[in-house]
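Colleague: Could you have a look at this structure, given as structure tokens, before my questions?
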Amino acid sequence: MPTQQNPIWWKEMSVYQIWPRSFADGDNDGIGDLHGVLEKLDYIKALGVDAIWFSPLYPSPNADYGYDCADYKNIHPEYGDLELFKRVLDGAHARGMKVILDLVINHTSDHHEWFIKSKEGPQSEYHDYYYWRKGKKPGGKKPPNNWLSVFEGGAWEYDKNLDEYYLHVFAKGQPDLNIANPKVREEVKSILRFWLDMGVDGFREDVITYIAKREGLPNGFPLMPVGRGMEHWTSLPPVKEYLKEFKEVLDEYGAFTVGEAPMMTPKLAKEYITEEAGNLLDLMFHFQVMEADCFLIDWVGLPFSLKKLKKAFSVWQNEMYGAGWNANYIENHDHPRIINRYGSLKYRVASGKMLAAMYILQSGTPFIYQGQEIGMTNIALDRLDQFKDVMTFNNFKLFKKLGFSEERFVRLANRRSRENARTPIQWTAEKNGGFSETEPWFPVNPNYPEINVAAAEADPDSLLHWYRALLAFRKENPVVIHGKYTEHYKSSRSLYVYSQELDGKRLLVVCAFGEKPVQFSAPTGFDLTGAKQAFGNYAIPGIQTNNFVTKPWECRVYLWD
Ligand code: NOJ
Ligand code: MG
């Protein structure tokens with residue numbers, strides 16, 4: 001019989017992610033900030049989460065909105081200052097919530113002091129903080145290798161003064177740090193200590209599996225149109241050595257870590273997040289659950305495949321059981337809104353509820369992205385110049401080569417760009433969705449009069465209340481957090497059904513994808529007539545039966561305890 005695994009705070013917790021620029025604007029300059037966060041701490045607490053993860057708050061020229069960090073030990077003046085951050089930190093702690101910061105060490109901003117000094121040339125001690133290399137031909141005529149960045153053309157940018165190139169796997173304004181240099185690793189440790197000494201509880205580590213580059217920087221697989229060379233910068237063995245070093249510092253503070261890891265598989269994850277591996281990271285954000293309607297990246301769209309989604313969840317549940325721990329999420333700042341992708345706009349609330357239950361009731365630590373809890377949706381912009389993100393513009397260049405007009409590209413971006421997740425949070429039905437009295441830095445979704453926090457608070461059937469109930473239920477029932485997962489109805493193209501079992505208690509989660517009615521019969525060994533239906537996104541029947549026909553996007557959760 002499956003029994004409870006060791007409870008640890010970060011296994012029990014659920015996390016709310018804030019992308020600060022669009023969360024709440026406390027000083028009315030059109031940009032989200034820490035004043036806004038301070039005002040909303042009670043709202044976040046009321047959701048029932050135990051931690052807040054902040055996307056970068058660092059000073060940044062915003063080439064990638066904070067993921068280009070210009071000073072690791074400070075706060076962006078647009079968001080506040082260290083003193084205000086400390087108030088937010090204390091305020092979160094006073095409410096029993098932990099605070100997790102984004103640690104972006106694969107690269108800095110090109111405005112970072114280290115990078116500016118590195119440009120002085122090889123005599124500068126900062127030169128070797130980055131990947132400066134001679135080209136294959138002098139005068140900037142041929143870069144050191146054929147790598148392409150993920151965000152902005154070639155991965156090498158030429159500096160005329162030095163007659164050298166620097167490496168940037170992401171945007172030009174994000175030069176890659178040379179973590180192989182022990183001095184850089186000392187800097188990282190000093191950054192960790194700075195925030196941990198202040199009281200921060202852990203880190204979400206940005207593209208952490210990219211921090212080692214193959215020695216000699218060899219050419220990459222030539223056919224890759226973006227990110228060419230990634231086989232030489234993804235999950236190389238030294239990553240683990242570096243993480244081991246950082247962990248020594250983190251362990252002094254009992255700090256938590258979750259690493260972002262593109263292309264991650266469960267097998268590889270076990271080399272990082274298991275006890276055997278030395279728990280180099282506590283959790284890992286993999287991308288497989290986000291690939292049910294695309295090929296590797298959101299922009300290469302495919303029809304939604306429930307089978308792919310179920311397989312991704314099930315493989316990770318099964319592989320991590322008793323070995324590692326799952327980080328469960330369906331939204332963050334890098335993906336379009338989930339209701340548009342895996343749910344239905346027509347059944348926004350029903351499908352949003354179903355998707356929430358689907359992932360929150362699995363074993364693991366759930367992450368909820370700002371706005372997800374009220375069912376925010378993608379925005380439809382009219383023109384390219386309304387977009388803001390370097391990735392969108394880079395993709396425009398690529399799609400133009402494939403014959404896309406600007407108009408057609410804008411339609412694609414409205415479905416596929418991560419900017420859909422970055423519209424200001426809709427707090428009320430008032431001007432600018434109550435986000436700010438000033439014109440916000442990015443358009444507010446015009447559906448704010450209908451979809452907003454105030455409306456969700458007032459409606460007992462809202463997604464917001466559903467999320468609260470799910471998170472409370474998860475806390476009260478260890479079978480959710482620590483249960484042994486089994487998938488049922490595996491070959492169904494419209495139902496996702498799984499059970500969890502722990503210490504004789506059982507849970508069955510039935511999720512109907514789509515509007516079409518489907519005949520459901522309880523899996524063998526599950527007697528629904530003897531269960532309590534804990535959740536239903538339609539009226540819960542007084543008498544339970546073992547067979548029923550599903551309603552559009554229906555979700556039912558049964559508990560035997
Ligand atoms: C992953 C982050 O989540 C994303 O927003 C960012 O653009 C890249 N890493 C580069 O830092
Ligand atoms: Mg502001």
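In the structure tokens, each chain is lettered A, B, ... as it comes, each chain's residues begin at 1, and ligands are numbered from 1 in order of appearance.
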Pick out the residues sitting within 9 Å of Phe435 in chain A, and hand them over as a PDB file with N, CA and C atoms, in the first residue's frame; count only C-alpha atoms, and ignore anything fewer than 6 positions along from it in its own chain.
Modeller:
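The result, written out as out_17.pdb:
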```
ATOM      1  N   SER A  22       3.466  43.438 -14.711  1.00  0.00           N
ATOM      2  CA  SER A  22       2.035  43.420 -15.051  1.00  0.00           C
ATOM      3  C   SER A  22       1.141  42.999 -13.897  1.00  0.00           C
ATOM      4  N   PHE A  23       1.671  42.955 -12.695  1.00  0.00           N
ATOM      5  CA  PHE A  23       0.843  42.457 -11.594  1.00  0.00           C
ATOM      6  C   PHE A  23      -0.065  43.554 -11.023  1.00  0.00           C
ATOM      7  N   ALA A  24       0.521  44.556 -10.392  1.00  0.00           N
ATOM      8  CA  ALA A  24      -0.295  45.644  -9.831  1.00  0.00           C
ATOM      9  C   ALA A  24       0.563  46.900  -9.766  1.00  0.00           C
ATOM     10  N   ASP A  25      -0.011  47.989 -10.220  1.00  0.00           N
ATOM     11  CA  ASP A  25       0.740  49.244 -10.273  1.00  0.00           C
ATOM     12  C   ASP A  25       0.371  50.116  -9.077  1.00  0.00           C
ATOM     13  N   GLY A  26       1.240  50.109  -8.062  1.00  0.00           N
ATOM     14  CA  GLY A  26       0.929  50.835  -6.822  1.00  0.00           C
ATOM     15  C   GLY A  26       1.207  52.320  -6.902  1.00  0.00           C
ATOM     16  N   ASN A  28       0.995  54.142  -9.808  1.00  0.00           N
ATOM     17  CA  ASN A  28       0.266  54.733 -10.932  1.00  0.00           C
ATOM     18  C   ASN A  28       1.126  55.344 -12.034  1.00  0.00           C
ATOM     19  N   GLY A  30       1.851  53.258 -14.597  1.00  0.00           N
ATOM     20  CA  GLY A  30       1.541  52.367 -15.720  1.00  0.00           C
ATOM     21  C   GLY A  30       2.341  51.077 -15.698  1.00  0.00           C
ATOM     22  N   ILE A  31       3.236  50.961 -14.704  1.00  0.00           N
ATOM     23  CA  ILE A  31       4.106  49.783 -14.617  1.00  0.00           C
ATOM     24  C   ILE A  31       3.893  49.106 -13.258  1.00  0.00           C
ATOM     25  N   GLY A  32       3.670  47.837 -13.274  1.00  0.00           N
ATOM     26  CA  GLY A  32       3.506  47.081 -12.032  1.00  0.00           C
ATOM     27  C   GLY A  32       4.731  47.256 -11.148  1.00  0.00           C
ATOM     28  N   PRO A 424      -1.635  43.285 -18.347  1.00  0.00           N
ATOM     29  CA  PRO A 424      -1.850  43.656 -16.946  1.00  0.00           C
ATOM     30  C   PRO A 424      -2.985  42.857 -16.304  1.00  0.00           C
ATOM     31  N   ILE A 425      -2.809  42.576 -15.018  1.00  0.00           N
ATOM     32  CA  ILE A 425      -3.843  41.836 -14.284  1.00  0.00           C
ATOM     33  C   ILE A 425      -5.105  42.684 -14.204  1.00  0.00           C
ATOM     34  N   GLN A 426      -6.201  42.025 -14.419  1.00  0.00           N
ATOM     35  CA  GLN A 426      -7.503  42.692 -14.429  1.00  0.00           C
ATOM     36  C   GLN A 426      -8.114  42.602 -13.022  1.00  0.00           C
ATOM     37  N   TRP A 427      -7.984  43.709 -12.300  1.00  0.00           N
ATOM     38  CA  TRP A 427      -8.432  43.704 -10.899  1.00  0.00           C
ATOM     39  C   TRP A 427      -9.900  44.050 -10.757  1.00  0.00           C
ATOM     40  N   THR A 428     -10.353  45.016 -11.559  1.00  0.00           N
ATOM     41  CA  THR A 428     -11.746  45.477 -11.448  1.00  0.00           C
ATOM     42  C   THR A 428     -12.306  45.746 -12.838  1.00  0.00           C
ATOM     43  N   VAL A 444      -4.235  46.371 -21.800  1.00  0.00           N
ATOM     44  CA  VAL A 444      -5.077  45.527 -20.948  1.00  0.00           C
ATOM     45  C   VAL A 444      -6.021  44.772 -21.879  1.00  0.00           C
TER      46      VAL A 444
END
```
Colleague: Between A:His93, A:Val99, A:Val37, A:Lys353, which residue has the minimum interatomic distance to Gly80 in chain A, considering only C-alpha atoms?
Modeller: A:Val37
Colleague: Just want the residues within 6 Å of ligand 1, written as a ChimeraX atom specification, counting only C-alpha atoms and all ligand atoms.
Modeller: /A:64,67,206-207,334
Colleague: Assign secondary structure with DSSP using the backbone only, and return the residues of range 93-308 of chain A in strand (DSSP E) as a PyMOL selection string.
Modeller: chain A and resi 98-103+132-133+156-159+164-167+202-205+256-260+283-285+294-295+297-301
Colleague: List the spatial neighbours of Gly371 in chain A as JSON, numbers by chain - criterion: any atom at most 12 Å away, only C-alpha atoms, same-chain residues fewer than 2 positions off excluded.
Modeller: {"A": [16, 17, 18, 19, 22, 23, 24, 44, 47, 331, 332, 333, 336, 337, 338, 339, 352, 368, 369, 373, 374, 375, 376, 377, 378, 420, 421, 422, 423, 424, 425, 426, 427, 445, 448, 451, 452, 453, 456, 463, 464, 467]}
Colleague: Based on the selection just made, write C-alpha atoms of those residues as a PDB file, in the first residue's frame.
Modeller:
```pdb
ATOM      1  CA  TYR A  16       1.993  31.923  -6.870  1.00  0.00           C
ATOM      2  CA  GLN A  17       4.136  33.429  -9.614  1.00  0.00           C
ATOM      3  CA  ILE A  18       4.340  37.182 -10.042  1.00  0.00           C
ATOM      4  CA  TRP A  19       5.604  38.767 -13.233  1.00  0.00           C
ATOM      5  CA  SER A  22       2.035  43.420 -15.051  1.00  0.00           C
ATOM      6  CA  PHE A  23       0.843  42.457 -11.594  1.00  0.00           C
ATOM      7  CA  ALA A  24      -0.295  45.644  -9.831  1.00  0.00           C
ATOM      8  CA  ILE A  44      -2.365  36.270  -2.627  1.00  0.00           C
ATOM      9  CA  LEU A  47      -5.701  32.092  -2.555  1.00  0.00           C
ATOM     10  CA  GLU A 331       0.971  28.590 -17.161  1.00  0.00           C
ATOM     11  CA  ASN A 332       3.817  31.001 -16.651  1.00  0.00           C
ATOM     12  CA  HIS A 333       5.156  34.193 -18.208  1.00  0.00           C
ATOM     13  CA  PRO A 336      -0.002  31.897 -23.957  1.00  0.00           C
ATOM     14  CA  ARG A 337      -2.943  31.461 -21.573  1.00  0.00           C
ATOM     15  CA  ILE A 338      -3.949  27.854 -20.988  1.00  0.00           C
ATOM     16  CA  ILE A 339      -7.688  28.247 -21.545  1.00  0.00           C
ATOM     17  CA  GLY A 352     -10.618  26.576 -16.664  1.00  0.00           C
ATOM     18  CA  ILE A 368      -0.108  29.188 -10.310  1.00  0.00           C
ATOM     19  CA  TYR A 369       0.672  32.093 -12.594  1.00  0.00           C
ATOM     20  CA  GLU A 373      -6.716  32.011 -11.024  1.00  0.00           C
ATOM     21  CA  ILE A 374      -9.355  34.253 -12.623  1.00  0.00           C
ATOM     22  CA  GLY A 375      -9.140  32.614 -16.035  1.00  0.00           C
ATOM     23  CA  MET A 376      -7.459  35.406 -17.965  1.00  0.00           C
ATOM     24  CA  THR A 377      -7.217  34.750 -21.686  1.00  0.00           C
ATOM     25  CA  ASN A 378      -5.057  35.703 -24.655  1.00  0.00           C
ATOM     26  CA  ASN A 420      -0.426  36.850 -24.007  1.00  0.00           C
ATOM     27  CA  ALA A 421       0.605  36.035 -20.458  1.00  0.00           C
ATOM     28  CA  ARG A 422       1.961  39.519 -19.865  1.00  0.00           C
ATOM     29  CA  THR A 423      -1.120  41.701 -20.127  1.00  0.00           C
ATOM     30  CA  PRO A 424      -1.850  43.656 -16.946  1.00  0.00           C
ATOM     31  CA  ILE A 425      -3.843  41.836 -14.284  1.00  0.00           C
ATOM     32  CA  GLN A 426      -7.503  42.692 -14.429  1.00  0.00           C
ATOM     33  CA  TRP A 427      -8.432  43.704 -10.899  1.00  0.00           C
ATOM     34  CA  ASN A 445      -7.210  42.760 -22.404  1.00  0.00           C
ATOM     35  CA  TYR A 448     -11.599  43.138 -18.330  1.00  0.00           C
ATOM     36  CA  ILE A 451     -13.003  38.951 -16.362  1.00  0.00           C
ATOM     37  CA  ASN A 452     -11.562  40.602 -13.281  1.00  0.00           C
ATOM     38  CA  VAL A 453     -10.713  39.853  -9.671  1.00  0.00           C
ATOM     39  CA  ALA A 456     -14.557  36.703  -9.406  1.00  0.00           C
ATOM     40  CA  LEU A 463     -12.651  30.213 -11.040  1.00  0.00           C
ATOM     41  CA  LEU A 464     -11.037  32.160  -8.219  1.00  0.00           C
ATOM     42  CA  TYR A 467      -8.770  27.610  -7.146  1.00  0.00           C
TER      43      TYR A 467
END
```
Colleague: What lies within 9 Å of Thr265 in chain A using only C-alpha atoms, ignoring chain neighbours under 4 positions off, as a ChimeraX atom specification?
Modeller: /A:269-270,286-288,316
Colleague: Measuring atom to atom with only C-alpha atoms, identify which of A:Ser494, A:Gln372, A:Gln386, A:Thr438 is nearest to Ala413 in chain A.
Modeller: A:Gln386
Colleague: With only C-alpha atoms and all ligand atoms as the basis for distance, which of A:Trp9, A:Glu407, A:Gly36, A:Ser55 is at the shortest distance from ligand 2?
Modeller: A:Gly36
Colleague: Counting only C-alpha atoms, what is within 10 Å of range 158-172 of chain A, bar same-chain residues fewer than 5 positions away, as a ChimeraX atom specification?
Modeller: /A:63-64,67-68,106-110,115,119-122,130-135,137-144,147-153,177-178,210,226-230,233,390-391,394
Colleague: For Gln362 in chain A, find every residue with an atom within 12 Å (counting only C-alpha atoms), except residues of its own chain fewer than 5 positions away, and show them as a ChimeraX atom specification.
Modeller: /A:11,310,313-314,316-318,320-321,325-329,355-357,367,470-471,474,477-487,497-501,507-509,557
Colleague: Restricting the calculation to only C-alpha atoms and all ligand atoms, which member of A:Met290, A:Ala380, A:Leu34, A:Ile8 is positioned closest to ligand 2?
Modeller: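 That would be A:Leu34, the residue with the smallest distance to ligand 2.
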Colleague: Extract the full set of alpha helix (DSSP H) residues from range 211-261 of chain A according to DSSP on the backbone, and format it as a count of residues only.
Modeller: 16
Colleague: Compare A:Glu241, A:Asp50, A:Glu450, A:Glu437 by their minimum atom-to-atom distance to ligand 2, counting only C-alpha atoms and all ligand atoms, and give me the closest one.
Modeller: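 The closest residue to ligand 2 is A:Glu437.
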